[in-house]
Structures are given as structure tokens and as C-alpha cells.
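Text of structure18.pdb (PDB, C-alpha atoms and all ligand atoms) as supplied:
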```pdb
MODEL        1
ATOM      1  CA  MET A   1     -15.437 -29.298  11.506
ATOM      2  CA  ARG A   2     -11.697 -29.066  11.085
ATOM      3  CA  SER A   3     -10.301 -26.941   8.293
ATOM      4  CA  PRO A   4      -8.495 -28.775   5.503
ATOM      5  CA  GLU A   5      -4.733 -28.792   5.972
ATOM      6  CA  GLY A   6      -3.085 -25.546   4.918
ATOM      7  CA  THR A   7      -6.252 -23.483   5.351
ATOM      8  CA  THR A   8      -7.689 -21.305   8.088
ATOM      9  CA  PRO A   9     -11.423 -21.092   8.732
ATOM     10  CA  MET A  10     -13.499 -18.048   7.763
ATOM     11  CA  ASP A  11     -16.673 -17.442   9.730
ATOM     12  CA  ILE A  12     -19.935 -16.394   8.062
ATOM     13  CA  ASN A  13     -19.658 -13.120   9.998
ATOM     14  CA  GLU A  14     -16.481 -12.305   8.041
ATOM     15  CA  ILE A  15     -18.174 -12.564   4.642
ATOM     16  CA  GLU A  16     -18.878  -9.432   2.627
ATOM     17  CA  ASN A  17     -19.952  -8.936  -0.964
ATOM     18  CA  CYS A  18     -17.250  -8.443  -3.578
ATOM     19  CA  ALA A  19     -15.560  -5.063  -3.081
ATOM     20  CA  SER A  20     -15.458  -4.563  -6.843
ATOM     21  CA  CYS A  21     -18.726  -5.835  -8.388
ATOM     22  CA  GLY A  22     -20.873  -6.165  -5.257
ATOM     23  CA  LYS A  23     -21.891  -9.764  -5.951
ATOM     24  CA  PRO A  24     -21.769 -12.434  -3.223
ATOM     25  CA  VAL A  25     -18.222 -13.805  -3.125
ATOM     26  CA  THR A  26     -19.497 -17.298  -2.370
ATOM     27  CA  SER A  27     -21.217 -17.620  -5.760
ATOM     28  CA  ASN A  28     -18.018 -19.282  -7.053
ATOM     29  CA  LEU A  29     -15.946 -22.009  -5.463
ATOM     30  CA  THR A  30     -13.063 -19.670  -4.642
ATOM     31  CA  PHE A  31     -12.699 -15.989  -3.839
ATOM     32  CA  TYR A  32      -9.976 -13.682  -2.595
ATOM     33  CA  GLU A  33      -9.346 -12.017   0.752
ATOM     34  CA  VAL A  34      -6.878  -9.175   0.375
ATOM     35  CA  GLU A  35      -5.314  -6.882   2.927
ATOM     36  CA  ILE A  36      -4.033  -3.589   1.591
ATOM     37  CA  ARG A  37      -1.994  -0.802   3.083
ATOM     38  CA  GLN A  38      -0.445   2.202   1.417
ATOM     39  CA  CYS A  39       3.300   2.740   1.780
ATOM     40  CA  VAL A  40       5.390   5.848   1.328
ATOM     41  CA  VAL A  41       8.931   5.735  -0.014
ATOM     42  CA  ASP A  42      11.604   7.282   2.222
ATOM     43  CA  ALA A  43      13.589   9.197  -0.391
ATOM     44  CA  GLN A  44      16.060  10.528   2.180
ATOM     45  CA  ASN A  45      16.989   7.036   3.377
ATOM     46  CA  ILE A  46      17.254   5.787  -0.197
ATOM     47  CA  GLY A  47      19.646   8.649  -0.901
ATOM     48  CA  THR A  48      21.708   7.683   2.141
ATOM     49  CA  MET A  49      21.866   4.038   1.057
ATOM     50  CA  ARG A  50      22.819   5.021  -2.518
ATOM     51  CA  SER A  51      25.530   7.330  -1.218
ATOM     52  CA  MET A  52      27.016   4.576   0.928
ATOM     53  CA  ALA A  53      26.900   2.127  -1.980
ATOM     54  CA  GLY A  54      28.556   4.659  -4.257
ATOM     55  CA  LEU A  55      31.184   5.488  -1.650
ATOM     56  CA  VAL A  56      32.297   1.886  -1.218
ATOM     57  CA  GLY A  57      31.525   0.772  -4.788
ATOM     58  CA  SER A  58      29.239  -2.055  -3.733
ATOM     59  CA  THR A  59      25.502  -2.118  -3.088
ATOM     60  CA  ALA A  60      25.723  -5.030  -0.623
ATOM     61  CA  ILE A  61      28.582  -3.517   1.400
ATOM     62  CA  GLY A  62      27.027  -0.073   1.168
ATOM     63  CA  LEU A  63      23.787  -1.400   2.637
ATOM     64  CA  ALA A  64      25.684  -3.206   5.393
ATOM     65  CA  LEU A  65      27.428   0.045   6.337
ATOM     66  CA  SER A  66      24.387   2.295   5.915
ATOM     67  CA  PRO A  67      22.925   3.727   9.139
ATOM     68  CA  THR A  68      19.476   2.711   7.864
ATOM     69  CA  THR A  69      17.890   0.085   5.647
ATOM     70  CA  THR A  70      14.375   1.492   5.972
ATOM     71  CA  ILE A  71      13.222   2.067   2.410
ATOM     72  CA  ALA A  72       9.552   2.940   3.025
ATOM     73  CA  HIS A  73       6.956   3.482   5.740
ATOM     74  CA  ARG A  74       3.620   1.723   6.060
ATOM     75  CA  VAL A  75       0.717   4.174   6.457
ATOM     76  CA  GLY A  76      -2.207   3.406   8.748
ATOM     77  CA  ALA A  77      -3.890   0.081   9.296
ATOM     78  CA  LYS A  78      -4.469  -2.602   6.709
ATOM     79  CA  THR A  79      -7.785  -2.525   4.859
ATOM     80  CA  ARG A  80      -9.456  -5.900   4.315
ATOM     81  CA  ARG A  81     -11.499  -6.585   1.192
ATOM     82  CA  LEU A  82     -13.088  -9.646  -0.343
ATOM     83  CA  LEU A  83     -13.105 -10.123  -4.099
ATOM     84  CA  CYS A  84     -15.098 -12.640  -6.091
ATOM     85  CA  GLN A  85     -13.163 -15.069  -8.261
ATOM     86  CA  ASP A  86     -13.698 -13.096 -11.488
ATOM     87  CA  CYS A  87     -12.789  -9.675 -10.064
ATOM     88  CA  GLY A  88      -9.802 -11.072  -8.196
ATOM     89  CA  ALA A  89      -8.520 -12.653 -11.388
ATOM     90  CA  GLY A  90      -9.217  -9.500 -13.421
ATOM     91  CA  VAL A  91     -11.451 -11.408 -15.841
ATOM     92  CA  GLU A  92     -13.702  -8.448 -16.665
ATOM     93  CA  ARG A  93     -11.270  -5.580 -16.078
ATOM     94  CA  PRO A  94      -8.084  -4.793 -14.195
ATOM     95  CA  LEU A  95      -8.714  -3.641 -10.637
ATOM     96  CA  PRO A  96      -6.541  -0.823  -9.284
ATOM     97  CA  VAL A  97      -5.408  -1.598  -5.740
ATOM     98  CA  ALA A  98      -5.830   2.039  -4.728
ATOM     99  CA  VAL A  99      -9.564   1.763  -5.501
ATOM    100  CA  LEU A 100      -9.834  -1.145  -3.066
ATOM    101  CA  LEU A 101      -8.027   0.848  -0.418
ATOM    102  CA  GLU A 102     -10.522   3.693  -0.762
ATOM    103  CA  GLY A 103     -13.464   1.273  -0.885
ATOM    104  CA  GLY A 104     -15.029   2.759  -3.981
ATOM    105  CA  ASP A 105     -16.089   1.092  -7.194
ATOM    106  CA  ALA A 106     -13.459   0.584  -9.854
TER     107      ALA A 106
HETATM  108 ZN    ZN B 201     -16.541  -9.225  -8.083
ENDMDL
END
```
Written as C-alpha cells, how would this file's structure read?
Amino acid sequence: MRSPEGTTPMDINEIENCASCGKPVTSNLTFYEVEIRQCVVDAQNIGTMRSMAGLVGSTAIGLALSPTTTIAHRVGAKTRRLLCQDCGAGVERPLPVAVLLEGGDA
């Protein structure tokens, strides 16, 4: 069966229970697939970009002249989680992203 336009198929082998409440994600019509990765700010590069912007008096020109535009670094691989409709929408409680990254219960 072809996937509806604008969608990509998800195999039954890719299904997991909700990473937050543990219920089957297919108990509602929709659910969420999220990919998470932690990032670390590069304070030294930000300082360099700010200095250049201050030197020339323009953020846009300062960035164009800066030796770097790297503002942060991605750490490790993405973590994939599935969330049921209610948890993904935060119906019961807000869900901290960092909890999903660690894989523990919120
Ligand atoms: Zn849930």
C-alpha cells in the first residue's frame, strides 16, 4: 500500500510504547516521533562573533567578517522516541526534553 501524499511509512518493527507514559502509541489516531540530540553552546565563537559585530557596528556585517559562524556543537547521535498523542501534546503534564534524551520517566 502506498503512503498518503506527504507521509512516509512506519513499519510495525519501528513501533515502541510511549516514552513518557508507557502506553501503546497506536491507541490514538496520531502520535509523535521525535529525534533529540543535546547541543553545547560555543561561548568562544559567540564572543568572537560579538566582537566582530561590535568592531564594525553591525551584526550582519560582523557575522560576514567573522572567521566562524559556528554557534554550537551537536553532541552524539540523535535519540529517537515515540510519544502518544496526549504526552506529545502535554495534555497531562509538560514533558522535559532532557528526560526523553535520557530515556527515563518524566
Ligand atoms: Zn504517553
Please provide the set of residues having any atom within 8 Å of A:Cys84, restricted to all atoms listed in the file, with same-chain residues fewer than 5 positions apart removed, written as a ChimeraX atom specification. /A:17-18,23-28,30-32
Using C-alpha atoms, can you export the residues from the last selection as a PDB file, keeping the file's coordinate frame?
```pdb
ATOM      1  CA  ASN A  17     -19.952  -8.936  -0.964  1.00  0.00           C
ATOM      2  CA  CYS A  18     -17.250  -8.443  -3.578  1.00  0.00           C
ATOM      3  CA  LYS A  23     -21.891  -9.764  -5.951  1.00  0.00           C
ATOM      4  CA  PRO A  24     -21.769 -12.434  -3.223  1.00  0.00           C
ATOM      5  CA  VAL A  25     -18.222 -13.805  -3.125  1.00  0.00           C
ATOM      6  CA  THR A  26     -19.497 -17.298  -2.370  1.00  0.00           C
ATOM      7  CA  SER A  27     -21.217 -17.620  -5.760  1.00  0.00           C
ATOM      8  CA  ASN A  28     -18.018 -19.282  -7.053  1.00  0.00           C
ATOM      9  CA  THR A  30     -13.063 -19.670  -4.642  1.00  0.00           C
ATOM     10  CA  PHE A  31     -12.699 -15.989  -3.839  1.00  0.00           C
ATOM     11  CA  TYR A  32      -9.976 -13.682  -2.595  1.00  0.00           C
TER      12      TYR A  32
END
```
Just checking: using all atoms listed in the file, which residue out of A:Gly54, A:Gly22, A:Pro96, A:Pro67 ends up closest to ligand ZN 201 (chain B)?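 Closest to ligand ZN 201 (chain B) of all the choices is A:Gly22.
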message = Evaluated on this file, the PyMOL selection byres (((chain A and resi 81) around 12) and not hetatm) picks out some residues - which ones are they, written as a PyMOL selection string?
response = chain A and resi 14-20+22+25+31-37+78-80+82-84+87-88+97-104
- Message: Using the chain letters and numbers from this file, what does the PyMOL selection byres (((chain A and resi 61-63) around 12) and not hetatm) select? Give the answer as a list in words.
- Response: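 Answer for the PyMOL selection byres (((chain A and resi 61-63) around 12) and not hetatm): Asn45, Ile46, Gly47, Thr48, Met49, Arg50, Ser51, Met52, Ala53, Gly54, Leu55, Val56, Gly57, Ser58, Thr59, Ala60, Ala64, Leu65, Ser66, Pro67, Thr68, Thr69, Thr70 and Ile71 of chain A.
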Grab the residues selected above and save them as a compact mmCIF listing (two decimals), keeping the file's coordinate frame with C-alpha atoms.
```txt
# COMPACT_ATOMS: atom_id res chain seq x y z
CA ASN A 45 16.99 7.04 3.38
CA ILE A 46 17.25 5.79 -0.20
CA GLY A 47 19.65 8.65 -0.90
CA THR A 48 21.71 7.68 2.14
CA MET A 49 21.87 4.04 1.06
CA ARG A 50 22.82 5.02 -2.52
CA SER A 51 25.53 7.33 -1.22
CA MET A 52 27.02 4.58 0.93
CA ALA A 53 26.90 2.13 -1.98
CA GLY A 54 28.56 4.66 -4.26
CA LEU A 55 31.18 5.49 -1.65
CA VAL A 56 32.30 1.89 -1.22
CA GLY A 57 31.52 0.77 -4.79
CA SER A 58 29.24 -2.06 -3.73
CA THR A 59 25.50 -2.12 -3.09
CA ALA A 60 25.72 -5.03 -0.62
CA ALA A 64 25.68 -3.21 5.39
CA LEU A 65 27.43 0.04 6.34
CA SER A 66 24.39 2.30 5.92
CA PRO A 67 22.92 3.73 9.14
CA THR A 68 19.48 2.71 7.86
CA THR A 69 17.89 0.08 5.65
CA THR A 70 14.38 1.49 5.97
CA ILE A 71 13.22 2.07 2.41
```
*asked:* Considering only C-alpha atoms, can you say which of A:Asn13, A:Met1, A:Gly6, A:Leu29 comes closest to A:Asp86?
replied: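 Nearest candidate to A:Asp86 out of A:Asn13, A:Met1, A:Gly6, A:Leu29: A:Leu29.
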Exercise. Kindly give the distance, in Å, that separates atom CA of A:Pro9 and atom CA of A:Gln85, rounded to a single decimal.
Key: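 One can read the atom CA of A:Pro9 to atom CA of A:Gln85 distance as 18.1 Å.
The closest residue to A:Cys21, picked from A:Ala43, A:Ala72, A:Thr7, A:Gly90 and counting only C-alpha atoms, is A:Gly90.
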Point-to-point distance from atom CA of A:Pro94 to atom CA of A:Asp42, Å rounded to tenths: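 Atom-to-atom, atom CA of A:Pro94 and atom CA of A:Asp42 are spaced 28.3 Å apart.
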Taken to one decimal, the atom CA of A:Val75-atom CA of A:Arg93 distance is 27.3 Å
Take every atom of stretch 11-20 of chain A listed in the file, fit an axis-aligned box around them, add 4 Å per side, and give the centre and edge lengths in Å to one decimal as lines of an AutoDock Vina configuration file.
```
center_x = -17.7
center_y = -11.0
center_z = 1.6
size_x = 12.5
size_y = 20.9
size_z = 24.8
```
Give as JSON, numbers by chain the residues that the PyMOL selection byres (((chain A and resi 40) around 7) and not hetatm) matches when applied to the coordinates above. {"A": [38, 39, 41, 42, 72, 73, 74]}
